[in-house]
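Enquirer: Submitted below is the structure of interest, expressed as structure tokens.
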Amino acid sequence: MVFNFGSTTALVSQVQAGAPADVFAAADTASIDRLRTSGLVSAPSRIFAVNTLGLAVKRGNPLHIRSVADLQKAKVVSLCAKTVPCGVYASKVIQRAGLALAESNITRGIDAKATVGAVVNGDADAAVVYVTDIAASARLVTTITIPTAQNVIAKYSITTLQRAKNAVAAHAFLQYVTSSAGVQTMTRFGFGRP
């Protein structure tokens with residue numbers, strides 16, 4: 001089995017351009033809807049995990065950022081690109097907090113890993129990104145929890161694709177990912193149960 005990881009938006013574009021794929025998993029439901037509209041989906045999609053957002057700040061939190069509203073203390077905030085799911089979710093979180101960040105104070109990552117990486121590398125003071133990506137860099141950043149009332153729930157969906165070269169294996173993989181064993185695997189990596 002070969003995996004291709006990347007931002008959901010980039011992967012949608014690759015599939016639409018004809019890249020070979022049997023199964024597609026996304027950090028949202030809208031991306032699979034786009035593939036379905038293009039006639040590329042062969043089965044109903046299923047939610048297999050959920051995620052939330054958190055704040056990643058420089059180790060030790062030198063700016064004393066304790067909430068989304070405190071992002072105004074940051075000179076540079078790292079967010080995912082506007083069109084990728086984590087960028088869309090971050091915009092909702094910032095809006096719910098009643099905060100307006102100047103675009104000149106924002107750096108945009110192509111995906112969640114690059115977004116956290118801006119804080120790790122010292123290119124940003126803080127990032128708004130998935131808690132799972134923050135956890136992957138936990139030794140290099142400090143994590144600030146975003147309260148449920150301001151947060152979003154990212155629903156991760158999966159489906160098989162029309163051009164699957166191995167439809168039987170694709171179906172079996174989808175069945176595993178959405179099974180209790182698959183959900184347990186996702187929870188070990190910090191994702192929530194669907």
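Going by the structure tokens order, chains are called A, B, ..., each with residues numbered from 1, while ligands are numbered from 1 in the order shown.
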Output as a Markdown table one row per residue of stretch 46-97 of chain A within 9 Å of stretch 3-24 of chain A: the closest atom pair and its distance in Å to one decimal place, counting only C-alpha atoms, sorted by chain and residue number ascending.
Expert:
| residue | atom | partner | partner_atom | distance |
| --- | --- | --- | --- | --- |
| A:Thr83 | CA | A:Thr9 | CA | 7.1 |
| A:Val84 | CA | A:Thr9 | CA | 5.4 |
| A:Pro85 | CA | A:Thr8 | CA | 7.0 |
| A:Cys86 | CA | A:Ser7 | CA | 9.0 |
Enquirer: Could you pull the residues within 7 Å of stretch 66-81 of chain A, counting only C-alpha atoms, minus those fewer than 6 positions along the same chain, as an MDAnalysis selection string?
Expert: chainID A and resid 87 90 94 97 99 105:112 115 118 124:129 144 146
Enquirer: Go through A:Thr145, A:Val88, A:Lys58, A:Asn51 one by one, measure the shortest atom-to-atom distance of each to A:Asp133 using only C-alpha atoms, and give the residue with the smallest value.
Expert: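 Closest residue, counting only C-alpha atoms: A:Asn51.
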Enquirer: As a CSV table (one decimal) with N, CA and C atoms, in the first residue's frame, list the residues of chain A assigned to strand (DSSP E) by DSSP on the backbone atoms of this structure.
Expert:
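Result written to states_1.csv:
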chain,number,residue,atom,x,y,z
A,23,VAL,N,-8.4,5.2,-2.5
A,23,VAL,CA,-9.1,5.7,-1.3
A,23,VAL,C,-8.7,7.2,-1.1
A,24,PHE,N,-9.6,8.0,-0.7
A,24,PHE,CA,-9.4,9.4,-0.4
A,24,PHE,C,-9.9,9.7,1.0
A,25,ALA,N,-9.0,10.2,1.9
A,25,ALA,CA,-9.3,10.7,3.2
A,25,ALA,C,-9.1,12.2,3.3
A,26,ALA,N,-10.0,12.9,3.9
A,26,ALA,CA,-9.9,14.4,4.0
A,26,ALA,C,-10.1,14.8,5.4
A,46,ARG,N,-17.6,8.3,4.8
A,46,ARG,CA,-17.8,8.0,6.2
A,46,ARG,C,-16.9,8.9,7.1
A,47,ILE,N,-17.4,9.3,8.2
A,47,ILE,CA,-16.5,10.0,9.2
A,47,ILE,C,-15.8,9.0,10.0
A,48,PHE,N,-14.4,9.2,10.0
A,48,PHE,CA,-13.6,8.2,10.7
A,48,PHE,C,-12.9,8.7,11.9
A,49,ALA,N,-12.8,10.1,12.1
A,49,ALA,CA,-12.2,10.7,13.2
A,49,ALA,C,-12.6,12.1,13.3
A,50,VAL,N,-12.4,12.7,14.4
A,50,VAL,CA,-12.6,14.2,14.6
A,50,VAL,C,-11.3,14.8,15.2
A,51,ASN,N,-11.2,16.1,15.1
A,51,ASN,CA,-10.0,16.8,15.6
A,51,ASN,C,-10.5,18.2,16.1
A,53,LEU,N,-8.9,22.3,17.3
A,53,LEU,CA,-7.7,23.2,17.1
A,53,LEU,C,-7.2,23.6,18.5
A,54,GLY,N,-5.9,24.0,18.5
A,54,GLY,CA,-5.3,24.5,19.6
A,54,GLY,C,-4.3,25.6,19.2
A,55,LEU,N,-3.7,26.2,20.2
A,55,LEU,CA,-2.6,27.2,19.9
A,55,LEU,C,-1.3,26.6,20.2
A,56,ALA,N,-0.3,26.8,19.3
A,56,ALA,CA,1.0,26.4,19.5
A,56,ALA,C,1.8,27.7,19.7
A,57,VAL,N,2.5,27.8,20.8
A,57,VAL,CA,3.3,29.0,21.0
A,57,VAL,C,4.8,28.6,21.2
A,58,LYS,N,5.7,29.6,21.1
A,58,LYS,CA,7.1,29.3,21.4
A,58,LYS,C,7.3,28.7,22.7
A,77,VAL,N,1.5,35.5,13.4
A,77,VAL,CA,0.7,34.3,13.7
A,77,VAL,C,0.7,33.4,12.5
A,78,SER,N,1.0,32.1,12.7
A,78,SER,CA,1.0,31.2,11.6
A,78,SER,C,-0.4,30.5,11.5
A,79,LEU,N,-1.0,30.5,10.3
A,79,LEU,CA,-2.2,29.9,10.0
A,79,LEU,C,-2.0,29.1,8.7
A,80,CYS,N,-2.8,28.0,8.6
A,80,CYS,CA,-2.8,27.3,7.3
A,80,CYS,C,-3.4,28.2,6.2
A,106,ILE,N,0.2,37.8,9.6
A,106,ILE,CA,0.0,36.4,9.4
A,106,ILE,C,0.9,35.8,8.4
A,107,THR,N,1.4,34.6,8.7
A,107,THR,CA,2.2,33.8,7.7
A,107,THR,C,1.3,32.6,7.5
A,108,ARG,N,1.3,32.1,6.3
A,108,ARG,CA,0.4,31.0,5.9
A,108,ARG,C,1.3,29.7,5.5
A,109,GLY,N,0.9,28.6,6.2
A,109,GLY,CA,1.6,27.3,5.8
A,109,GLY,C,0.7,26.6,4.8
A,126,ALA,N,3.1,32.3,17.3
A,126,ALA,CA,2.0,31.4,17.6
A,126,ALA,C,1.4,30.8,16.3
A,127,ALA,N,0.7,29.7,16.5
A,127,ALA,CA,0.0,29.1,15.4
A,127,ALA,C,-1.4,28.6,15.9
A,128,VAL,N,-2.4,28.6,15.0
A,128,VAL,CA,-3.7,28.0,15.3
A,128,VAL,C,-3.8,26.8,14.3
A,129,VAL,N,-3.8,25.7,14.9
A,129,VAL,CA,-3.7,24.4,14.1
A,129,VAL,C,-4.2,23.3,14.9
A,130,TYR,N,-4.4,22.1,14.2
A,130,TYR,CA,-4.9,20.9,14.8
A,130,TYR,C,-4.1,20.5,16.0
A,141,VAL,N,7.2,23.1,21.2
A,141,VAL,CA,6.3,24.2,21.4
A,141,VAL,C,5.5,24.0,22.7
A,142,THR,N,4.9,25.1,23.1
A,142,THR,CA,3.9,25.0,24.3
A,142,THR,C,2.5,25.0,23.7
A,143,THR,N,1.7,24.2,24.3
A,143,THR,CA,0.3,24.1,23.8
A,143,THR,C,-0.7,24.9,24.7
A,144,ILE,N,-1.5,25.6,24.0
A,144,ILE,CA,-2.6,26.4,24.7
A,144,ILE,C,-3.9,25.8,24.2
A,145,THR,N,-4.8,25.4,25.1
A,145,THR,CA,-6.1,24.8,24.8
A,145,THR,C,-7.1,25.9,24.4
A,154,ALA,N,-13.4,19.4,13.6
A,154,ALA,CA,-13.0,19.0,12.3
A,154,ALA,C,-13.4,17.5,12.1
A,155,LYS,N,-14.2,17.3,11.1
A,155,LYS,CA,-14.7,15.9,10.8
A,155,LYS,C,-13.9,15.3,9.7
A,156,TYR,N,-13.2,14.3,9.9
A,156,TYR,CA,-12.3,13.6,8.9
A,156,TYR,C,-13.2,12.6,8.2
A,157,SER,N,-13.2,12.6,6.9
A,157,SER,CA,-14.0,11.7,6.1
A,157,SER,C,-13.2,10.9,5.1
A,158,ILE,N,-13.7,9.8,4.7
A,158,ILE,CA,-13.0,8.8,3.9
A,158,ILE,C,-14.0,8.2,2.9
A,159,THR,N,-13.5,7.9,1.7
A,159,THR,CA,-14.3,7.2,0.7
A,159,THR,C,-13.4,6.5,-0.3
A,160,THR,N,-14.0,5.7,-1.1
A,160,THR,CA,-13.3,5.0,-2.2
A,160,THR,C,-13.5,5.8,-3.5
Enquirer: Compare A:Asn166, A:Val93, A:Ala172, A:Ser31 by their minimum atom-to-atom distance to A:Pro147, counting only C-alpha atoms, and give me the closest one.
Expert: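 Among A:Asn166, A:Val93, A:Ala172, A:Ser31, it is A:Val93 that comes nearest to A:Pro147.
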Enquirer: Atom CA of A:Arg139 and atom CA of A:Asp123 are how many Å apart?
Expert: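 Between atom CA of A:Arg139 and atom CA of A:Asp123 the gap is 17.2 Å.
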Enquirer: Taking the DSSP assignment computed from this structure's backbone, write out as a ChimeraX atom specification all residues of chain A that belong to alpha helix (DSSP H).
Expert: /A:8-16,30-37,85-96,112-120,131-136,167-177,180-188
Enquirer: Between atom CA of A:Met186 and atom CA of A:Arg96, measure the distance and give it in Å to one decimal.
Expert: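 Pair atom CA of A:Met186 / atom CA of A:Arg96 returns 27.7 Å.
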Enquirer: So what do you get for atom CA of A:Val168 versus atom CA of A:Gln184, distance-wise?
Expert: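 Atom CA of A:Gln184 lies 23.1 Å from atom CA of A:Val168.
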Enquirer: I need the residue nearest A:Ala135 from this list: A:Arg193, A:Lys113, A:Arg163, A:His64. Use only C-alpha atoms for the distance.
Expert: A:Lys113
Enquirer: Out of A:His171, A:Arg188, A:Arg36, A:Lys82, which residue has the shortest atom-to-atom distance to A:Glu103 when counting only C-alpha atoms?
Expert: A:Lys82
